[in-house]
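What's in data14.cif: mmCIF, C-alpha atoms
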data_entry
loop_
_atom_site.group_PDB
_atom_site.id
_atom_site.type_symbol
_atom_site.label_atom_id
_atom_site.label_comp_id
_atom_site.auth_asym_id
_atom_site.auth_seq_id
_atom_site.Cartn_x
_atom_site.Cartn_y
_atom_site.Cartn_z
ATOM 1 C CA MET A 317 -25.873 169.150 -35.987
ATOM 2 C CA MET A 318 -29.240 168.807 -37.729
ATOM 3 C CA ARG A 319 -27.558 169.529 -41.063
ATOM 4 C CA ASN A 320 -25.021 166.695 -40.492
ATOM 5 C CA ALA A 321 -27.829 164.268 -39.640
ATOM 6 C CA SER A 322 -29.660 165.241 -42.844
ATOM 7 C CA ILE A 323 -26.544 164.702 -44.953
ATOM 8 C CA ILE A 324 -25.887 161.314 -43.319
ATOM 9 C CA GLY A 325 -29.541 160.328 -43.863
ATOM 10 C CA LEU A 326 -29.345 161.260 -47.560
ATOM 11 C CA LEU A 327 -26.100 159.304 -47.975
ATOM 12 C CA LEU A 328 -27.627 156.231 -46.325
ATOM 13 C CA LEU A 329 -30.785 156.531 -48.428
ATOM 14 C CA GLY A 330 -28.694 156.850 -51.593
ATOM 15 C CA ALA A 331 -26.576 153.869 -50.586
ATOM 16 C CA CYS A 332 -29.682 151.766 -49.982
ATOM 17 C CA ALA A 333 -31.135 152.753 -53.318
ATOM 18 C CA THR A 334 -28.030 151.878 -55.320
ATOM 19 C CA THR A 335 -26.572 148.946 -53.388
ATOM 20 C CA GLN A 336 -27.545 145.498 -54.628
ATOM 21 C CA ALA A 337 -26.380 142.120 -53.542
ATOM 22 C CA PRO A 338 -23.525 140.982 -55.754
ATOM 23 C CA GLN A 339 -24.535 138.505 -58.423
ATOM 24 C CA ILE A 340 -22.254 135.517 -58.750
ATOM 25 C CA ALA A 341 -22.201 133.696 -62.051
ATOM 26 C CA ARG A 342 -22.639 129.984 -61.580
ATOM 27 C CA GLY A 343 -22.290 127.475 -64.346
ATOM 28 C CA GLY A 344 -24.243 124.789 -62.499
ATOM 29 C CA ASP A 345 -21.330 122.372 -62.471
ATOM 30 C CA GLU A 346 -19.045 123.763 -59.800
ATOM 31 C CA PRO A 347 -16.430 121.244 -58.742
ATOM 32 C CA VAL A 348 -17.831 119.519 -55.674
ATOM 33 C CA LEU A 349 -16.616 116.410 -53.896
ATOM 34 C CA ARG A 350 -19.566 114.606 -52.352
ATOM 35 C CA ALA A 351 -19.701 111.750 -49.848
ATOM 36 C CA ILE A 352 -18.922 108.265 -51.099
ATOM 37 C CA ALA A 353 -20.500 105.111 -49.710
ATOM 38 C CA PRO A 354 -19.342 104.417 -46.177
ATOM 39 C CA GLY A 355 -16.981 101.541 -45.788
ATOM 40 C CA GLY A 356 -13.425 100.764 -45.043
ATOM 41 C CA LEU A 357 -10.684 99.080 -46.937
ATOM 42 C CA LYS A 358 -10.972 95.532 -48.220
ATOM 43 C CA SER A 359 -9.704 92.923 -45.785
ATOM 44 C CA GLY A 360 -5.928 92.559 -46.011
ATOM 45 C CA SER A 361 -5.418 95.761 -48.019
ATOM 46 C CA CYS A 362 -3.684 99.025 -47.158
ATOM 47 C CA GLY A 363 -4.756 102.528 -48.087
ATOM 48 C CA ALA A 364 -6.199 105.838 -46.939
ATOM 49 C CA LEU A 365 -9.656 107.045 -45.917
ATOM 50 C CA LEU A 366 -10.272 110.802 -45.734
ATOM 51 C CA TRP A 367 -13.293 112.649 -44.340
ATOM 52 C CA THR A 368 -14.499 116.216 -44.273
ATOM 53 C CA ARG A 369 -17.452 117.832 -42.504
ATOM 54 C CA GLY A 370 -20.724 117.594 -44.415
ATOM 55 C CA VAL A 371 -23.341 120.342 -44.524
ATOM 56 C CA SER A 372 -24.969 118.848 -41.418
ATOM 57 C CA GLY A 373 -21.633 118.923 -39.589
ATOM 58 C CA ASP A 374 -21.320 115.143 -39.648
ATOM 59 C CA PRO A 375 -18.161 113.539 -41.069
ATOM 60 C CA ALA A 376 -18.467 112.609 -44.749
ATOM 61 C CA LEU A 377 -16.094 110.093 -46.358
ATOM 62 C CA ILE A 378 -14.937 111.776 -49.586
ATOM 63 C CA PHE A 379 -11.794 109.848 -50.559
ATOM 64 C CA ARG A 380 -10.837 106.188 -50.465
ATOM 65 C CA SER A 381 -7.467 104.933 -51.708
ATOM 66 C CA ASN A 382 -6.214 101.374 -51.887
ATOM 67 C CA ALA A 383 -2.480 101.022 -52.481
ATOM 68 C CA ALA A 384 -3.026 98.155 -54.939
ATOM 69 C CA GLU A 385 -6.210 99.309 -56.713
ATOM 70 C CA GLY A 386 -6.139 103.118 -56.965
ATOM 71 C CA ALA A 387 -8.604 105.534 -55.424
ATOM 72 C CA GLU A 388 -12.138 106.885 -55.778
ATOM 73 C CA VAL A 389 -14.036 110.127 -55.227
ATOM 74 C CA ASN A 390 -17.602 111.255 -55.853
ATOM 75 C CA PHE A 391 -17.350 114.252 -58.183
ATOM 76 C CA ASN A 392 -20.669 116.098 -58.621
ATOM 77 C CA GLY A 393 -22.631 112.911 -57.932
ATOM 78 C CA VAL A 394 -20.530 110.609 -60.146
ATOM 79 C CA LEU A 395 -18.240 107.989 -58.602
ATOM 80 C CA VAL A 396 -14.876 108.482 -60.327
ATOM 81 C CA PRO A 397 -12.218 105.734 -60.097
ATOM 82 C CA LEU A 398 -8.743 107.292 -59.952
ATOM 83 C CA ALA A 399 -5.244 106.176 -60.868
ATOM 84 C CA LEU A 400 -2.125 107.371 -59.094
ATOM 85 C CA ARG A 401 -0.222 109.699 -61.438
ATOM 86 C CA GLU A 402 2.492 110.804 -59.026
ATOM 87 C CA GLY A 403 3.545 110.202 -55.449
ATOM 88 C CA ARG A 404 6.163 111.952 -53.346
ATOM 89 C CA GLY A 405 7.426 111.761 -49.827
ATOM 90 C CA VAL A 406 7.608 109.029 -47.271
ATOM 91 C CA SER A 407 5.531 105.912 -47.941
ATOM 92 C CA ILE A 408 3.421 104.731 -45.023
ATOM 93 C CA TYR A 409 1.352 101.568 -45.429
ATOM 94 C CA GLY A 410 1.735 101.898 -49.197
ATOM 95 C CA GLN A 411 0.541 105.529 -49.266
ATOM 96 C CA GLN A 412 2.894 108.417 -49.914
ATOM 97 C CA LEU A 413 2.146 111.610 -48.006
ATOM 98 C CA GLU A 414 1.736 113.602 -51.214
ATOM 99 C CA GLN A 415 -0.146 112.015 -54.118
ATOM 100 C CA THR A 416 -1.757 113.159 -57.359
ATOM 101 C CA PHE A 417 -4.584 111.146 -58.939
ATOM 102 C CA VAL A 418 -6.354 111.379 -62.303
ATOM 103 C CA PRO A 419 -9.481 109.568 -63.554
ATOM 104 C CA LEU A 420 -8.981 106.098 -65.017
ATOM 105 C CA ALA A 421 -11.609 106.441 -67.761
ATOM 106 C CA GLU A 422 -11.057 108.786 -70.688
ATOM 107 C CA ASP A 423 -14.726 109.847 -70.654
ATOM 108 C CA ALA A 424 -14.604 110.731 -66.924
ATOM 109 C CA PRO A 425 -14.636 114.364 -65.750
ATOM 110 C CA LYS A 426 -11.296 116.052 -66.449
ATOM 111 C CA ILE A 427 -10.185 116.511 -62.849
ATOM 112 C CA THR A 428 -7.019 116.120 -60.827
ATOM 113 C CA ILE A 429 -7.058 115.151 -57.155
ATOM 114 C CA HIS A 430 -4.017 116.128 -55.106
ATOM 115 C CA VAL A 431 -3.774 114.771 -51.561
ATOM 116 C CA GLU A 432 -1.297 116.053 -48.973
ATOM 117 C CA ALA A 433 -1.055 114.938 -45.360
ATOM 118 C CA GLU A 434 1.197 114.754 -42.358
ATOM 119 C CA THR A 435 1.169 111.809 -40.036
ATOM 120 C CA GLY A 436 -0.300 112.157 -36.597
ATOM 121 C CA PRO A 437 -0.647 109.704 -33.739
ATOM 122 C CA SER A 438 -0.375 106.019 -34.611
ATOM 123 C CA PHE A 439 -2.638 103.130 -33.708
ATOM 124 C CA ASP A 440 -2.396 99.382 -34.255
ATOM 125 C CA GLY A 441 -2.227 99.031 -38.035
ATOM 126 C CA GLY A 442 -2.147 102.684 -39.036
ATOM 127 C CA VAL A 443 -1.721 106.399 -38.404
ATOM 128 C CA TYR A 444 -4.086 109.337 -38.220
ATOM 129 C CA THR A 445 -3.540 112.183 -40.648
ATOM 130 C CA ARG A 446 -3.223 115.815 -39.663
ATOM 131 C CA ASN A 447 -2.959 119.036 -41.658
ATOM 132 C CA ALA A 448 -4.406 117.122 -44.590
ATOM 133 C CA ARG A 449 -6.161 118.584 -47.601
ATOM 134 C CA ILE A 450 -7.512 117.541 -50.957
ATOM 135 C CA THR A 451 -7.149 119.911 -53.895
ATOM 136 C CA LEU A 452 -9.607 119.307 -56.722
ATOM 137 C CA ALA A 453 -8.643 120.951 -60.011
ATOM 138 C CA ARG A 454 -10.451 120.940 -63.345
ATOM 139 C CA ASP A 455 -8.873 121.610 -66.724
ATOM 140 C CA ASP A 456 -10.821 124.875 -67.032
ATOM 141 C CA GLY A 457 -9.061 126.400 -64.009
ATOM 142 C CA TRP A 458 -11.596 125.718 -61.226
ATOM 143 C CA GLU A 459 -9.804 124.655 -58.057
ATOM 144 C CA VAL A 460 -11.223 123.769 -54.650
ATOM 145 C CA VAL A 461 -9.172 122.986 -51.544
ATOM 146 C CA THR A 462 -10.935 120.878 -48.898
ATOM 147 C CA PRO A 463 -9.510 120.278 -45.423
ATOM 148 C CA VAL A 464 -9.756 116.602 -44.491
ATOM 149 C CA ALA A 465 -8.927 114.228 -41.675
ATOM 150 C CA GLY A 466 -8.449 110.536 -41.908
ATOM 151 C CA VAL A 467 -6.388 107.435 -41.492
ATOM 152 C CA ILE A 468 -3.670 105.659 -43.418
ATOM 153 C CA GLY A 469 -3.266 102.007 -42.598
ATOM 154 C CA CYS A 470 -4.071 98.392 -43.292
ATOM 155 C CA SER A 471 -7.243 96.424 -42.759
ATOM 156 C CA ARG A 472 -7.085 92.953 -41.245
#
Starting from the file, give its structure as structure tokens.
Amino acid sequence: MMRNASIIGLLLLGACATTQAPQIARGGDEPVLRAIAPGGLKSGSCGALLWTRGVSGDPALIFRSNAAEGAEVNFNGVLVPLALREGRGVSIYGQQLEQTFVPLAEDAPKITIHVEAETGPSFDGGVYTRNARITLARDDGWEVVTPVAGVIGCSR
């Protein structure tokens, strides 16, 4: 019994001596969607607003889309206006349930934003989203999927 305890102790000591926390290479520019300025849609326009949970646990608006004007996200601290590249599925209040956006400006970060959602309960002038997510992809292969909740509708 004592011999087994000694062997286990040596194994644990050896494991402690050789085990290090894994080092993760970080380039300093990981793809991160940050909160955009709070606010709804312009009066009389239709679109989508999507939130996720911020670090503090509070909702953070990270995507705003206007059916007539395109969309916007905050990518790594830079507000990036987006143009709709492709839309599929049912159109609700001018928003299709699956959409792909790319930056408007050629000098903007090379990202693609893909939004997918299902409709949930409705309210006067819109619907809530459910099972929604935003996929952020960069040309270099980075991809981040963020669960979101929000609304699709029209502002009065």
Check your understanding: Between A:Arg446, A:Leu395, A:Gly436, A:Tyr409, which one has atoms that come closest to Ala421 in chain A, using all atoms listed in the file?
Key -> A:Leu395
Explicit residues for the PyMOL selection byres ((chain A and resi 394) around 10) (as a CSV table (one decimal) with C-alpha atoms, in the frame of the given file):
chain,number,residue,atom,x,y,z
A,349,LEU,CA,-16.6,116.4,-53.9
A,350,ARG,CA,-19.6,114.6,-52.4
A,352,ILE,CA,-18.9,108.3,-51.1
A,389,VAL,CA,-14.0,110.1,-55.2
A,390,ASN,CA,-17.6,111.3,-55.9
A,391,PHE,CA,-17.4,114.3,-58.2
A,392,ASN,CA,-20.7,116.1,-58.6
A,393,GLY,CA,-22.6,112.9,-57.9
A,395,LEU,CA,-18.2,108.0,-58.6
A,396,VAL,CA,-14.9,108.5,-60.3
A,397,PRO,CA,-12.2,105.7,-60.1
A,424,ALA,CA,-14.6,110.7,-66.9
A,425,PRO,CA,-14.6,114.4,-65.8
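Between Val443 in chain A and the candidates A:Asp423, A:Gly355, A:Cys362, A:Thr462, the tightest atom-to-atom separation, counting all atoms listed in the file, involves A:Cys362.
Shortest atom-to-atom contact with Gly469 in chain A among A:Ile450, A:Leu398, A:Ala383, A:Leu377: A:Ala383, counting only C-alpha atoms.
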Practice item. Tell me which protein, DNA and RNA residues are within 8 Å of Ser361 in chain A, counting all atoms listed in the file, leaving out same-chain ones fewer than 6 positions away, and put them as number ranges by chain. Key: A: 382-384, 470-472
Exercise for review: Considering only C-alpha atoms, state which residue in the set A:Pro375, A:Ala448, A:Leu400, A:Gly405 is at the smallest distance from Ile429 in chain A.
Suggested key: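 Closest residue, counting only C-alpha atoms: A:Leu400.
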Point to revise | All residues 6 Å or closer to Gly442 in chain A, only C-alpha atoms, same chain fewer than 2 positions away omitted, as a list in words | key: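 Using only C-alpha atoms, the neighbours found are Ser438, Phe439, Asp440, Ile468 and Gly469 of chain A.
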